[in-house]
Amino acid sequence: GDVITYYLVAQDNVIPTPNIIASPSIGAAGYTTSPPAVSTAPSTLYSYTNLPSLAGVYTVGGAGVYPTITAAINAYNTSCLSGAVTFLLLDAAYPSESYPIVINGNPFASVVNTLTIKPNTGQNTVITGNDGTVLFKLNGADYVIFDGSNNGTTSVNLTITNTNAGTSATVFWIASASVSDGATNNTIKNCSINGSGSTTGISGILAGSGTTFGGASLASNSNNTVSGNIFKSFQN
(Lines give C-alpha, C1' and ligand atoms only; values in the text may rest on other atoms or scores of the structure.)
Protein backbone atom coordinates (compact mmCIF):
# COMPACT_ATOMS: atom_id res chain seq x y z
CA GLY A 1 0.00 0.00 0.00
CA ASP A 2 0.86 3.65 -0.28
CA VAL A 3 2.94 5.24 2.48
CA ILE A 4 1.57 8.60 3.57
CA THR A 5 3.97 11.03 5.28
CA TYR A 6 2.90 14.19 7.09
CA TYR A 7 3.65 16.78 9.77
CA LEU A 8 1.57 19.24 11.79
CA VAL A 9 1.98 22.96 12.44
CA ALA A 10 -0.13 24.68 15.11
CA GLN A 11 -0.33 28.07 16.80
CA ASP A 12 -2.08 29.44 19.89
CA ASN A 13 -4.15 32.62 20.31
CA VAL A 14 -1.56 34.82 22.04
CA ILE A 15 -1.76 38.41 20.80
CA PRO A 16 0.05 40.04 19.10
CA THR A 17 2.55 37.23 18.44
CA PRO A 18 1.18 33.68 18.62
CA ASN A 19 3.40 30.80 19.69
CA ILE A 20 3.87 28.35 16.85
CA ILE A 21 5.46 24.91 16.61
CA ALA A 22 5.69 22.00 14.20
CA SER A 23 5.34 18.37 15.14
CA PRO A 24 7.78 16.75 14.62
CA SER A 25 9.81 19.90 15.16
CA ILE A 26 13.41 18.92 14.39
CA GLY A 27 14.54 20.52 11.15
CA ALA A 28 11.43 22.70 10.74
CA ALA A 29 12.16 26.34 9.86
CA GLY A 30 10.62 29.45 8.35
CA TYR A 31 7.60 29.67 10.64
CA THR A 32 4.69 31.92 9.67
CA THR A 33 1.33 32.38 11.38
CA SER A 34 -2.36 32.68 10.53
CA PRO A 35 -2.42 30.14 9.02
CA PRO A 36 0.43 28.32 10.79
CA ALA A 37 3.05 27.03 8.36
CA VAL A 38 6.75 26.38 7.79
CA SER A 39 8.81 26.95 4.68
CA THR A 40 11.14 24.05 5.55
CA ALA A 41 9.52 20.79 6.58
CA PRO A 42 10.81 18.77 9.55
CA SER A 43 13.65 16.40 8.72
CA THR A 44 11.72 13.34 9.97
CA LEU A 45 8.00 13.03 9.24
CA TYR A 46 5.18 11.00 10.69
CA SER A 47 3.96 8.24 8.39
CA TYR A 48 1.41 5.49 8.00
CA THR A 49 0.75 2.83 5.38
CA ASN A 50 -2.55 2.66 3.53
CA LEU A 51 -3.12 -1.09 3.45
CA PRO A 52 -5.07 -2.86 0.70
CA SER A 53 -8.29 -4.68 1.57
CA LEU A 54 -9.22 -8.33 0.97
CA ALA A 55 -12.66 -9.96 0.77
CA GLY A 56 -14.03 -12.76 -1.38
CA VAL A 57 -12.53 -15.68 -3.29
CA TYR A 58 -8.96 -15.52 -4.64
CA THR A 59 -7.49 -18.29 -6.77
CA VAL A 60 -4.01 -19.61 -5.97
CA GLY A 61 -1.84 -21.40 -8.52
CA GLY A 62 -0.17 -21.01 -11.89
CA ALA A 63 -3.26 -19.41 -13.44
CA GLY A 64 -4.48 -17.79 -10.22
CA VAL A 65 -4.56 -14.35 -8.70
CA TYR A 66 -1.62 -15.45 -6.53
CA PRO A 67 0.94 -17.85 -8.05
CA THR A 68 1.81 -19.51 -4.73
CA ILE A 69 0.34 -20.06 -1.29
CA THR A 70 3.29 -18.08 0.06
CA ALA A 71 2.26 -15.05 -2.01
CA ALA A 72 -1.37 -15.38 -0.96
CA ILE A 73 -0.49 -15.52 2.74
CA ASN A 74 1.87 -12.56 2.39
CA ALA A 75 -1.08 -10.60 0.98
CA TYR A 76 -3.29 -11.71 3.87
CA ASN A 77 -0.67 -10.71 6.43
CA THR A 78 -0.39 -7.18 5.03
CA SER A 79 -4.03 -6.40 4.22
CA CYS A 80 -7.17 -5.22 5.93
CA LEU A 81 -10.15 -7.58 5.79
CA SER A 82 -13.54 -6.28 4.69
CA GLY A 83 -15.16 -9.72 4.61
CA ALA A 84 -14.46 -13.43 4.56
CA VAL A 85 -11.50 -14.51 2.41
CA THR A 86 -11.08 -17.82 0.58
CA PHE A 87 -7.83 -18.92 -1.05
CA LEU A 88 -8.89 -21.54 -3.60
CA LEU A 89 -6.12 -23.96 -4.59
CA LEU A 90 -6.19 -24.57 -8.35
CA ASP A 91 -3.15 -26.81 -8.84
CA ALA A 92 -2.36 -30.43 -8.12
CA ALA A 93 0.96 -29.47 -6.50
CA TYR A 94 2.75 -26.41 -5.13
CA PRO A 95 6.50 -26.98 -5.56
CA SER A 96 7.61 -23.32 -5.33
CA GLU A 97 6.64 -22.43 -1.78
CA SER A 98 8.94 -20.82 0.79
CA TYR A 99 8.68 -22.59 4.14
CA PRO A 100 7.71 -22.02 6.80
CA ILE A 101 4.58 -20.23 5.64
CA VAL A 102 3.61 -18.04 8.59
CA ILE A 103 0.03 -16.82 8.97
CA ASN A 104 0.12 -13.90 11.37
CA GLY A 105 -2.74 -12.53 13.42
CA ASN A 106 -4.80 -10.11 11.34
CA PRO A 107 -6.48 -7.46 13.52
CA PHE A 108 -9.54 -7.54 11.24
CA ALA A 109 -10.09 -11.30 11.53
CA SER A 110 -13.38 -12.29 13.16
CA VAL A 111 -16.12 -14.88 13.11
CA VAL A 112 -17.31 -13.09 9.96
CA ASN A 113 -13.92 -12.19 8.45
CA THR A 114 -12.50 -15.70 8.27
CA LEU A 115 -9.69 -17.05 6.07
CA THR A 116 -10.35 -20.39 4.35
CA ILE A 117 -7.71 -22.33 2.41
CA LYS A 118 -9.12 -25.21 0.38
CA PRO A 119 -8.82 -27.09 -2.94
CA ASN A 120 -10.92 -25.96 -5.88
CA THR A 121 -14.01 -28.01 -6.71
CA GLY A 122 -12.93 -31.42 -7.99
CA GLN A 123 -9.22 -30.71 -7.41
CA ASN A 124 -6.96 -33.04 -5.42
CA THR A 125 -4.01 -31.03 -4.13
CA VAL A 126 -0.69 -32.22 -2.71
CA ILE A 127 1.55 -29.81 -0.81
CA THR A 128 5.02 -31.20 -0.08
CA GLY A 129 7.75 -29.32 1.73
CA ASN A 130 10.95 -29.90 3.64
CA ASP A 131 11.43 -27.79 6.75
CA GLY A 132 13.07 -28.78 10.02
CA THR A 133 10.39 -27.03 12.05
CA VAL A 134 7.05 -26.53 10.30
CA LEU A 135 5.30 -25.98 6.99
CA PHE A 136 2.37 -23.82 8.21
CA LYS A 137 2.62 -21.72 11.37
CA LEU A 138 -0.49 -20.03 12.73
CA ASN A 139 1.37 -17.30 14.59
CA GLY A 140 -1.30 -15.76 16.78
CA ALA A 141 -3.68 -16.19 13.85
CA ASP A 142 -7.42 -16.33 14.44
CA TYR A 143 -10.36 -17.67 12.42
CA VAL A 144 -8.21 -19.53 9.88
CA ILE A 145 -9.73 -22.63 8.27
CA PHE A 146 -7.81 -25.33 6.41
CA ASP A 147 -10.52 -27.41 4.72
CA GLY A 148 -9.22 -30.31 2.67
CA SER A 149 -12.53 -31.16 1.03
CA ASN A 150 -13.04 -30.12 -2.57
CA ASN A 151 -16.82 -30.52 -2.49
CA GLY A 152 -18.05 -29.20 0.83
CA THR A 153 -18.32 -32.62 2.49
CA THR A 154 -15.89 -34.57 4.66
CA SER A 155 -13.88 -35.87 1.72
CA VAL A 156 -10.08 -35.65 2.09
CA ASN A 157 -8.66 -33.96 -1.02
CA LEU A 158 -5.71 -32.02 0.43
CA THR A 159 -2.48 -33.81 1.34
CA ILE A 160 0.25 -31.93 3.19
CA THR A 161 3.59 -33.63 3.82
CA ASN A 162 6.74 -32.46 5.59
CA THR A 163 9.51 -34.71 4.28
CA ASN A 164 12.13 -33.41 6.71
CA ALA A 165 13.73 -36.29 8.61
CA GLY A 166 14.55 -34.24 11.69
CA THR A 167 12.93 -35.15 14.98
CA SER A 168 11.38 -31.70 15.51
CA ALA A 169 9.56 -31.39 12.20
CA THR A 170 5.80 -30.86 12.06
CA VAL A 171 3.21 -29.74 9.54
CA PHE A 172 1.04 -27.30 11.50
CA TRP A 173 2.18 -25.17 14.44
CA ILE A 174 -0.64 -23.43 16.32
CA ALA A 175 1.39 -20.79 18.13
CA SER A 176 0.84 -17.95 20.55
CA ALA A 177 2.63 -14.89 19.17
CA SER A 178 2.95 -13.12 22.54
CA VAL A 179 1.61 -13.11 26.08
CA SER A 180 -1.53 -11.38 24.79
CA ASP A 181 -1.91 -12.99 21.37
CA GLY A 182 -2.86 -16.65 21.25
CA ALA A 183 -3.96 -18.47 18.10
CA THR A 184 -7.71 -18.94 18.52
CA ASN A 185 -10.82 -20.16 16.72
CA ASN A 186 -8.90 -21.96 13.97
CA THR A 187 -9.96 -25.15 12.18
CA ILE A 188 -7.94 -27.86 10.45
CA LYS A 189 -10.19 -30.45 8.86
CA ASN A 190 -10.42 -33.03 6.09
CA CYS A 191 -6.67 -33.06 5.42
CA SER A 192 -4.14 -35.86 5.03
CA ILE A 193 -1.23 -34.73 7.22
CA ASN A 194 2.02 -36.64 6.75
CA GLY A 195 5.53 -36.75 8.15
CA SER A 196 8.71 -38.49 7.07
CA GLY A 197 8.53 -41.53 9.36
CA SER A 198 7.34 -42.91 12.66
CA THR A 199 10.71 -42.24 14.33
CA THR A 200 11.41 -38.80 12.81
CA GLY A 201 8.73 -36.09 12.52
CA ILE A 202 7.51 -35.07 15.97
CA SER A 203 3.81 -34.59 15.17
CA GLY A 204 1.30 -33.54 12.55
CA ILE A 205 -0.04 -30.62 14.57
CA LEU A 206 1.76 -28.97 17.48
CA ALA A 207 0.27 -26.25 19.69
CA GLY A 208 1.98 -24.06 22.25
CA SER A 209 4.53 -21.29 22.41
CA GLY A 210 5.32 -19.34 19.27
CA THR A 211 8.92 -18.75 20.29
CA THR A 212 9.98 -22.05 21.87
CA PHE A 213 9.05 -25.04 19.73
CA GLY A 214 7.10 -27.42 21.95
CA GLY A 215 7.05 -25.00 24.88
CA ALA A 216 4.06 -23.85 26.87
CA SER A 217 1.93 -21.25 25.13
CA LEU A 218 2.52 -17.62 26.04
CA ALA A 219 -1.22 -16.96 25.73
CA SER A 220 -4.08 -19.43 25.48
CA ASN A 221 -4.54 -21.02 22.06
CA SER A 222 -8.27 -21.53 22.54
CA ASN A 223 -11.26 -22.86 20.60
CA ASN A 224 -9.23 -24.56 17.88
CA THR A 225 -10.83 -27.50 16.07
CA VAL A 226 -9.07 -30.48 14.48
CA SER A 227 -11.41 -32.95 12.82
CA GLY A 228 -11.69 -35.45 9.99
CA ASN A 229 -7.94 -35.55 9.31
CA ILE A 230 -5.70 -38.51 8.49
CA PHE A 231 -2.28 -38.56 10.20
CA LYS A 232 0.62 -40.68 8.94
CA SER A 233 4.31 -41.17 9.71
CA PHE A 234 4.90 -39.20 12.92
CA GLN A 235 6.28 -40.03 16.35
CA ASN A 236 3.06 -38.80 17.96
# chains A, B, ... in the order shown; residues from 1 in each chain; ligands from 1
call {"tool": "closest_atom_pairs", "arguments": {"of": "region 7-87 of chain A", "to": "region 138-152 of chain A", "cutoff": "10 Å", "atoms": "only C-alpha atoms", "output": "CSV"}}
result
residue,atom,partner,partner_atom,distance
A:Asn77,CA,A:Ala141,CA,9.7
A:Ala84,CA,A:Tyr143,CA,9.8
A:Val85,CA,A:Val144,CA,9.6
A:Thr86,CA,A:Ile145,CA,9.2
A:Phe87,CA,A:Phe146,CA,9.8
call {"tool": "select_by_dssp", "arguments": {"residues": "region 32-151 of chain A", "states": "alpha helix (DSSP H)", "output": "PyMOL selection string"}}
result
chain A and resi 69-77
call {"tool": "write_last_selection", "arguments": {"atoms": "all heavy atoms", "output": "PDB file, in the first residue's frame"}}
result
ATOM      1  N   ILE A  69       0.973 -20.251  -2.592  1.00  0.00           N
ATOM      2  CA  ILE A  69       0.343 -20.064  -1.286  1.00  0.00           C
ATOM      3  C   ILE A  69       1.125 -19.029  -0.488  1.00  0.00           C
ATOM      4  O   ILE A  69       0.549 -18.213   0.239  1.00  0.00           O
ATOM      5  CB  ILE A  69       0.267 -21.398  -0.540  1.00  0.00           C
ATOM      6  CG1 ILE A  69      -0.522 -22.428  -1.364  1.00  0.00           C
ATOM      7  CG2 ILE A  69      -0.380 -21.228   0.836  1.00  0.00           C
ATOM      8  CD1 ILE A  69      -0.435 -23.844  -0.826  1.00  0.00           C
ATOM      9  N   THR A  70       2.436 -19.052  -0.620  1.00  0.00           N
ATOM     10  CA  THR A  70       3.289 -18.075   0.064  1.00  0.00           C
ATOM     11  C   THR A  70       2.870 -16.655  -0.286  1.00  0.00           C
ATOM     12  O   THR A  70       2.727 -15.785   0.597  1.00  0.00           O
ATOM     13  CB  THR A  70       4.761 -18.294  -0.306  1.00  0.00           C
ATOM     14  OG1 THR A  70       5.140 -19.637   0.020  1.00  0.00           O
ATOM     15  CG2 THR A  70       5.666 -17.325   0.424  1.00  0.00           C
ATOM     16  N   ALA A  71       2.651 -16.388  -1.566  1.00  0.00           N
ATOM     17  CA  ALA A  71       2.260 -15.052  -2.010  1.00  0.00           C
ATOM     18  C   ALA A  71       0.883 -14.677  -1.471  1.00  0.00           C
ATOM     19  O   ALA A  71       0.645 -13.530  -1.067  1.00  0.00           O
ATOM     20  CB  ALA A  71       2.278 -14.978  -3.529  1.00  0.00           C
ATOM     21  N   ALA A  72      -0.024 -15.643  -1.462  1.00  0.00           N
ATOM     22  CA  ALA A  72      -1.372 -15.381  -0.957  1.00  0.00           C
ATOM     23  C   ALA A  72      -1.343 -15.027   0.533  1.00  0.00           C
ATOM     24  O   ALA A  72      -2.000 -14.078   0.978  1.00  0.00           O
ATOM     25  CB  ALA A  72      -2.267 -16.588  -1.207  1.00  0.00           C
ATOM     26  N   ILE A  73      -0.572 -15.788   1.305  1.00  0.00           N
ATOM     27  CA  ILE A  73      -0.492 -15.524   2.741  1.00  0.00           C
ATOM     28  C   ILE A  73       0.214 -14.202   3.016  1.00  0.00           C
ATOM     29  O   ILE A  73      -0.165 -13.459   3.933  1.00  0.00           O
ATOM     30  CB  ILE A  73       0.208 -16.682   3.470  1.00  0.00           C
ATOM     31  CG1 ILE A  73      -0.629 -17.965   3.346  1.00  0.00           C
ATOM     32  CG2 ILE A  73       0.455 -16.342   4.936  1.00  0.00           C
ATOM     33  CD1 ILE A  73      -2.048 -17.847   3.864  1.00  0.00           C
ATOM     34  N   ASN A  74       1.220 -13.865   2.230  1.00  0.00           N
ATOM     35  CA  ASN A  74       1.867 -12.561   2.393  1.00  0.00           C
ATOM     36  C   ASN A  74       0.851 -11.433   2.189  1.00  0.00           C
ATOM     37  O   ASN A  74       0.880 -10.420   2.908  1.00  0.00           O
ATOM     38  CB  ASN A  74       3.024 -12.408   1.406  1.00  0.00           C
ATOM     39  CG  ASN A  74       4.249 -13.203   1.814  1.00  0.00           C
ATOM     40  OD1 ASN A  74       4.381 -13.605   2.969  1.00  0.00           O
ATOM     41  ND2 ASN A  74       5.147 -13.441   0.883  1.00  0.00           N
ATOM     42  N   ALA A  75      -0.034 -11.603   1.210  1.00  0.00           N
ATOM     43  CA  ALA A  75      -1.081 -10.598   0.980  1.00  0.00           C
ATOM     44  C   ALA A  75      -2.025 -10.531   2.167  1.00  0.00           C
ATOM     45  O   ALA A  75      -2.404  -9.434   2.617  1.00  0.00           O
ATOM     46  CB  ALA A  75      -1.841 -10.928  -0.303  1.00  0.00           C
ATOM     47  N   TYR A  76      -2.401 -11.681   2.702  1.00  0.00           N
ATOM     48  CA  TYR A  76      -3.292 -11.706   3.873  1.00  0.00           C
ATOM     49  C   TYR A  76      -2.646 -11.014   5.068  1.00  0.00           C
ATOM     50  O   TYR A  76      -3.309 -10.244   5.784  1.00  0.00           O
ATOM     51  CB  TYR A  76      -3.618 -13.157   4.223  1.00  0.00           C
ATOM     52  CG  TYR A  76      -4.435 -13.314   5.486  1.00  0.00           C
ATOM     53  CD1 TYR A  76      -5.819 -13.196   5.458  1.00  0.00           C
ATOM     54  CD2 TYR A  76      -3.823 -13.570   6.714  1.00  0.00           C
ATOM     55  CE1 TYR A  76      -6.573 -13.328   6.615  1.00  0.00           C
ATOM     56  CE2 TYR A  76      -4.563 -13.704   7.878  1.00  0.00           C
ATOM     57  CZ  TYR A  76      -5.943 -13.580   7.827  1.00  0.00           C
ATOM     58  OH  TYR A  76      -6.676 -13.706   8.976  1.00  0.00           O
ATOM     59  N   ASN A  77      -1.367 -11.272   5.263  1.00  0.00           N
ATOM     60  CA  ASN A  77      -0.666 -10.708   6.434  1.00  0.00           C
ATOM     61  C   ASN A  77      -0.519  -9.191   6.365  1.00  0.00           C
ATOM     62  O   ASN A  77      -0.282  -8.551   7.397  1.00  0.00           O
ATOM     63  CB  ASN A  77       0.722 -11.341   6.565  1.00  0.00           C
ATOM     64  CG  ASN A  77       0.669 -12.767   7.074  1.00  0.00           C
ATOM     65  OD1 ASN A  77      -0.321 -13.200   7.660  1.00  0.00           O
ATOM     66  ND2 ASN A  77       1.748 -13.512   6.854  1.00  0.00           N
TER      67      ASN A  77
END
call {"tool": "closest_residue", "arguments": {"among": "A:Asn221, A:Thr163, A:Ser43, A:Thr116", "to": "Asp131 (chain A)", "atoms": "only C-alpha atoms"}}
result
A:Thr163
call {"tool": "select_by_dssp", "arguments": {"residues": "region 7-199 of chain A", "states": "strand (DSSP E)", "output": "MDAnalysis selection string"}}
result
chainID A and resid 8:11 20:23 46:50 53:60 80:89 101:104 115:119 125:129 136:139 144:147 158:162 170:176 187:189 191:194
call {"tool": "residues_around", "arguments": {"residues": "Asp91 (chain A)", "least_positions_apart": "3", "cutoff": "8 Å", "atoms": "only C-alpha atoms", "output": "NGL selection string"}}
result
:A and (60-62 or 94 or 123 or 125)
call {"tool": "write_last_selection", "arguments": {"atoms": "N, CA, C and O atoms", "output": "PDB file, in the first residue's frame"}}
result
ATOM      1  N   VAL A  60      -5.439 -19.465  -6.255  1.00  0.00           N
ATOM      2  CA  VAL A  60      -4.010 -19.608  -5.975  1.00  0.00           C
ATOM      3  C   VAL A  60      -3.459 -20.721  -6.843  1.00  0.00           C
ATOM      4  O   VAL A  60      -3.939 -21.859  -6.804  1.00  0.00           O
ATOM      5  N   GLY A  61      -2.437 -20.412  -7.638  1.00  0.00           N
ATOM      6  CA  GLY A  61      -1.836 -21.404  -8.518  1.00  0.00           C
ATOM      7  C   GLY A  61      -1.272 -20.737  -9.751  1.00  0.00           C
ATOM      8  O   GLY A  61      -1.273 -19.502  -9.866  1.00  0.00           O
ATOM      9  N   GLY A  62      -0.815 -21.541 -10.696  1.00  0.00           N
ATOM     10  CA  GLY A  62      -0.174 -21.009 -11.885  1.00  0.00           C
ATOM     11  C   GLY A  62      -1.035 -20.041 -12.674  1.00  0.00           C
ATOM     12  O   GLY A  62      -0.545 -19.074 -13.251  1.00  0.00           O
ATOM     13  N   TYR A  94       2.207 -27.752  -5.362  1.00  0.00           N
ATOM     14  CA  TYR A  94       2.747 -26.412  -5.130  1.00  0.00           C
ATOM     15  C   TYR A  94       4.227 -26.532  -4.784  1.00  0.00           C
ATOM     16  O   TYR A  94       4.620 -26.462  -3.623  1.00  0.00           O
ATOM     17  N   GLN A 123     -10.694 -30.679  -7.369  1.00  0.00           N
ATOM     18  CA  GLN A 123      -9.222 -30.713  -7.409  1.00  0.00           C
ATOM     19  C   GLN A 123      -8.651 -31.457  -6.206  1.00  0.00           C
ATOM     20  O   GLN A 123      -9.017 -31.195  -5.065  1.00  0.00           O
ATOM     21  N   THR A 125      -5.227 -31.836  -4.241  1.00  0.00           N
ATOM     22  CA  THR A 125      -4.014 -31.030  -4.125  1.00  0.00           C
ATOM     23  C   THR A 125      -3.036 -31.678  -3.156  1.00  0.00           C
ATOM     24  O   THR A 125      -3.429 -32.142  -2.079  1.00  0.00           O
TER      25      THR A 125
END
call {"tool": "closest_residue", "arguments": {"among": "A:Pro16, A:Pro36, A:Gly215, A:Gly166", "to": "Ser198 (chain A)", "atoms": "only C-alpha atoms"}}
result
A:Gly166
call {"tool": "residues_around", "arguments": {"residues": "Ile20 (chain A)", "least_positions_apart": "2", "cutoff": "7 Å", "atoms": "only C-alpha atoms", "output": "PyMOL selection string"}}
result
chain A and resi 10-12+18+36
call {"tool": "atom_distance", "arguments": {"atom1": "CA of Cys191 (chain A)", "atom2": "CA of Ala63 (chain A)"}}
result
23.5 Å
call {"tool": "closest_residue", "arguments": {"among": "A:Ser209, A:Ser217, A:Gln235, A:Ser222", "to": "Gly195 (chain A)", "atoms": "only C-alpha atoms"}}
result
A:Gln235
